[in-house]
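Accompanying notes for the structure given below.
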Amino acid sequence: MTPVRYEVTKGVAWLTINRPEAYNALSKAVRDGLFEGVRRFNDDQEAKVLVLTGEGEKAFCSGGDLKEMSDTSLTVPPPDFLPQIGRNIDVPKPTIAAVNGLAYGGGFLLAQQCDLVVAAEHARFAVSEVKVGRGSPWAAPLSWLVPPRIALEILLTGDPISAARAQQVGLVNEVVPAAELRERTQQLAERIANNAPLSVLAAKRTGYLSASHPRKLAYERAEEIWEPVYLSADAQEGPAAFREKRSPVWQGR
C-alpha cells in the first residue's frame, strides 16, 4: 500500500495518509510521502488548493510512530523530520486539513499548520507530548491561533478537545458529519480554487502578516504584496466580467 496518496479533483489536491491500521502514525515512509506530496502540489499547475487528510474514520493522524521512535532511540527530531508548512517548507497556495478522526501530537501539528481546518464531528485534537515525555516546539504558533489560556491548557494537560470545542476556540473553521467531510471540504476548496489565483496567493500571505510584523509594517508589506495583483490582467478581467454579466476567465497574470 502507498503510505501517502495524491489525487486531484477539480483543482483540489487530496493528500491522504494511508496507514489506517496504525492510526495513520508518522512512520518514516509516511513522513517521506508527505514531503513528496507537498512538493508535488507546489509544482502541480492544475492543483489550486491542497487538502490533507487521513484514511479511515478513526484517525487523521495519531502523531509520531512511538514504536519506530523507540527502535531508533530518537532524541531531538531534525528540522526536516516531517513537513511543517510555513516553517521548513513553503506552500504559497492554500491548504486545508480535513480532520477525519483523532489528531494527536504530530497530527495536531499537521492540522495546525494548514490554513483552514474542517473537522468531522467525532474528531479530537490534542498536543499529547506531555503524556509521553516528548516535545512540541512546533506548537509555538498555537497562542496566535487560539487564546493564550486555551493554548496553555492544551499544552499543559495534553488532554484532547472535541471538534466542537476546537471550533469554539477558533482552531477549526467548520464541523460537519463524518459522512459529509470529504464533500464539504471539497466544496470549500473549490470555492477558493475558483477565485482569482493571484488574489488568493496574496490573500494567504496577507493573512499571516500580523503574526510576524508590527501593525505599521504589516500594512506596508501588504501594500507591496497586493500591488502586482492590482497591476495584473486579472484585476481588469474581474470588473469586465461583472460588467458583461459573465464568469471571469482568470489567467493568473
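Ordered as shown in the C-alpha cells, chains take letters A, B, and onward, while each chain numbers its residues from 1 and ligands are numbered from 1 in the order shown.
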
Exercise for the section: Quick one: pick out all helix (DSSP H, G or I) residues within segment 146-223 of chain A from a backbone DSSP run and write them as a ChimeraX atom specification. Expected result: /A:148-157,163-168,178-193,197-207,209-212,215-223

Nearby residues (only C-alpha atoms) at most 7 Å from Gly54 of chain A, same-chain spacing under 5 positions excluded, as a tab-separated table (two decimals) with N, CA and C atoms, in the first residue's frame:
```tsv
chain	number	residue	atom	x	y	z
A	16	THR	N	-3.51	12.11	1.18
A	16	THR	CA	-4.11	11.24	2.20
A	16	THR	C	-3.06	10.33	2.83
A	17	ILE	N	-2.94	10.42	4.16
A	17	ILE	CA	-2.09	9.48	4.89
A	17	ILE	C	-2.81	8.14	4.90
A	18	ASN	N	-2.18	7.13	4.33
A	18	ASN	CA	-2.85	5.86	4.07
A	18	ASN	C	-2.25	4.74	4.93
A	24	ASN	N	-2.75	6.04	11.20
A	24	ASN	CA	-2.05	7.00	10.33
A	24	ASN	C	-0.86	7.67	11.03
A	59	ALA	N	-8.74	7.98	12.61
A	59	ALA	CA	-7.63	8.90	12.84
A	59	ALA	C	-7.29	9.73	11.61
A	60	PHE	N	-7.14	11.02	11.83
A	60	PHE	CA	-6.49	11.90	10.86
A	60	PHE	C	-5.01	11.57	10.87
A	61	CYS	N	-4.41	11.65	12.05
A	61	CYS	CA	-3.03	11.24	12.28
A	61	CYS	C	-2.81	11.22	13.78
A	100	ASN	N	-10.48	13.75	9.99
A	100	ASN	CA	-11.47	12.67	9.96
A	100	ASN	C	-11.46	11.80	11.20
```

Could you list, as a PDB file with N, CA and C atoms, in the first residue's frame, every residue within 10 Å of Leu82 of chain A, counting only C-alpha atoms and ignoring same-chain residues fewer than 6 positions away?
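Result written to selection34.pdb:
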```pdb
ATOM      1  N   LEU A  26       3.001   8.640  12.027  1.00  0.00           N
ATOM      2  CA  LEU A  26       4.014   9.229  11.156  1.00  0.00           C
ATOM      3  C   LEU A  26       5.293   8.394  11.095  1.00  0.00           C
ATOM      4  N   SER A  27       5.210   7.260  10.423  1.00  0.00           N
ATOM      5  CA  SER A  27       6.421   6.476  10.166  1.00  0.00           C
ATOM      6  C   SER A  27       7.300   7.224   9.177  1.00  0.00           C
ATOM      7  N   LYS A  28       8.526   6.749   8.993  1.00  0.00           N
ATOM      8  CA  LYS A  28       9.426   7.411   8.040  1.00  0.00           C
ATOM      9  C   LYS A  28       8.831   7.395   6.639  1.00  0.00           C
ATOM     10  N   VAL A  30       5.702   7.454   5.829  1.00  0.00           N
ATOM     11  CA  VAL A  30       4.640   8.464   5.771  1.00  0.00           C
ATOM     12  C   VAL A  30       5.243   9.859   5.693  1.00  0.00           C
ATOM     13  N   ARG A  31       6.246  10.118   6.521  1.00  0.00           N
ATOM     14  CA  ARG A  31       6.863  11.454   6.519  1.00  0.00           C
ATOM     15  C   ARG A  31       7.475  11.761   5.163  1.00  0.00           C
ATOM     16  N   ASP A  32       8.181  10.802   4.590  1.00  0.00           N
ATOM     17  CA  ASP A  32       8.765  10.998   3.259  1.00  0.00           C
ATOM     18  C   ASP A  32       7.670  11.223   2.216  1.00  0.00           C
ATOM     19  N   GLY A  33       6.576  10.468   2.350  1.00  0.00           N
ATOM     20  CA  GLY A  33       5.472  10.611   1.407  1.00  0.00           C
ATOM     21  C   GLY A  33       4.792  11.965   1.507  1.00  0.00           C
ATOM     22  N   LEU A  34       4.709  12.500   2.717  1.00  0.00           N
ATOM     23  CA  LEU A  34       4.121  13.826   2.892  1.00  0.00           C
ATOM     24  C   LEU A  34       4.997  14.895   2.253  1.00  0.00           C
ATOM     25  N   PHE A  35       6.304  14.799   2.465  1.00  0.00           N
ATOM     26  CA  PHE A  35       7.205  15.759   1.815  1.00  0.00           C
ATOM     27  C   PHE A  35       7.051  15.685   0.297  1.00  0.00           C
ATOM     28  N   GLY A  64       3.549  10.873  16.031  1.00  0.00           N
ATOM     29  CA  GLY A  64       4.745  10.089  15.747  1.00  0.00           C
ATOM     30  C   GLY A  64       4.542   8.602  15.989  1.00  0.00           C
ATOM     31  N   ASN A  88       9.420  24.709   7.539  1.00  0.00           N
ATOM     32  CA  ASN A  88      10.524  24.082   6.814  1.00  0.00           C
ATOM     33  C   ASN A  88      10.176  23.780   5.357  1.00  0.00           C
ATOM     34  N   ILE A  89       8.969  24.143   4.951  1.00  0.00           N
ATOM     35  CA  ILE A  89       8.604  24.029   3.540  1.00  0.00           C
ATOM     36  C   ILE A  89       7.570  25.106   3.226  1.00  0.00           C
ATOM     37  N   GLY A 106       1.908  14.919  16.448  1.00  0.00           N
ATOM     38  CA  GLY A 106       2.249  15.338  15.092  1.00  0.00           C
ATOM     39  C   GLY A 106       1.044  15.506  14.195  1.00  0.00           C
ATOM     40  N   LEU A 109      -0.039  18.928  14.854  1.00  0.00           N
ATOM     41  CA  LEU A 109       0.902  19.789  14.121  1.00  0.00           C
ATOM     42  C   LEU A 109       0.442  19.974  12.679  1.00  0.00           C
ATOM     43  N   LEU A 110       0.135  18.867  11.997  1.00  0.00           N
ATOM     44  CA  LEU A 110      -0.248  18.953  10.586  1.00  0.00           C
ATOM     45  C   LEU A 110      -1.513  19.765  10.404  1.00  0.00           C
TER      46      LEU A 110
END
```

Completion exercise
The residue from A:Ala240, A:Val117, A:Leu181, A:Val130 with the smallest atom-to-atom distance to Ala166 of chain A, counting only C-alpha atoms, is A:Val117

Completion exercise
Using only C-alpha atoms, the best pick from A:Gly107, A:Pro92, A:Gly252, A:Gly135 as closest to Thr206 of chain A would be A:Pro92

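The shortest atom-to-atom distance to Leu50 of chain A, with only C-alpha atoms taken into account, belongs to A:Glu190 out of A:Glu121, A:Glu180, A:Glu190, A:Asp65.
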
Practice task
Please return as JSON, numbers by chain: the residues of segment 49-227 of chain A that backbone DSSP assigns to strand (DSSP E or B).
Solution key: {"A": [49, 50, 51, 52, 53, 54, 59, 60, 61, 64, 85, 89, 95, 96, 97, 98, 99, 102, 103, 104, 116, 117, 118, 119, 120, 124, 125, 126, 161, 162, 174, 175, 176]}

Practice task
Tell me which of A:Lys48, A:Arg191, A:Arg182, A:Arg215 sits closest to Thr95 of chain A, counting only C-alpha atoms.
Solution key: A:Lys48

Practice task
Could you give me, as a ChimeraX atom specification, the residues within 10 Å of Leu152 of chain A, counting only C-alpha atoms and dropping anything in the same chain fewer than 6 positions from it?
Solution key: /A:142-143,146,158

Output C-alpha atoms for every residue in that selection, as an mmCIF file, in the first residue's frame.
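New file selection_11.cif:
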```cif
data_model
loop_
_atom_site.group_PDB
_atom_site.id
_atom_site.type_symbol
_atom_site.label_atom_id
_atom_site.label_comp_id
_atom_site.auth_asym_id
_atom_site.auth_seq_id
_atom_site.Cartn_x
_atom_site.Cartn_y
_atom_site.Cartn_z
ATOM 1 C CA LEU A 142 -0.696 27.976 18.873
ATOM 2 C CA SER A 143 -1.265 31.019 21.072
ATOM 3 C CA VAL A 146 -6.334 30.407 19.896
ATOM 4 C CA GLY A 158 -2.190 17.011 26.932
#
```

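Closest approach to Gln251 of chain A among A:Leu74, A:Ala29, A:Ala235, A:Met1 is made by A:Ala235 (distances from only C-alpha atoms).
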
Problem - Distance of atom CA of Ile96 of chain A from atom CA of Phe125 of chain A, expressed in Å to one decimal place - result: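 Distance reported for this atom pair: 15.6 Å.
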
Practice task
Measuring atom to atom with only C-alpha atoms, identify which of A:Val249, A:Leu188, A:Leu155, A:Leu15 is nearest to Glu36 of chain A.
Solution key: A:Leu15

Exercise for the section: Using atom CA of Ala22 of chain A and atom CA of Val132 of chain A as the two end points, give the distance in Å to one decimal. Expected result: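 For atom CA of Ala22 of chain A relative to atom CA of Val132 of chain A, the distance reads 17.5 Å.
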
Practice task
For atom CA of Arg221 of chain A and atom CA of Gly86 of chain A, determine how far apart the two atoms are, in Å to one decimal place.
Solution key: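 Between atom CA of Arg221 of chain A and atom CA of Gly86 of chain A the gap is 17.4 Å.
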
Exercise for the section: Find the residues around Ala222 of chain A up to 9 Å (only C-alpha atoms counted), leave out those fewer than 5 positions away in its own chain, and share them as a VMD selection string. Expected result: chain A and resid 202 205 to 206 209 217 227
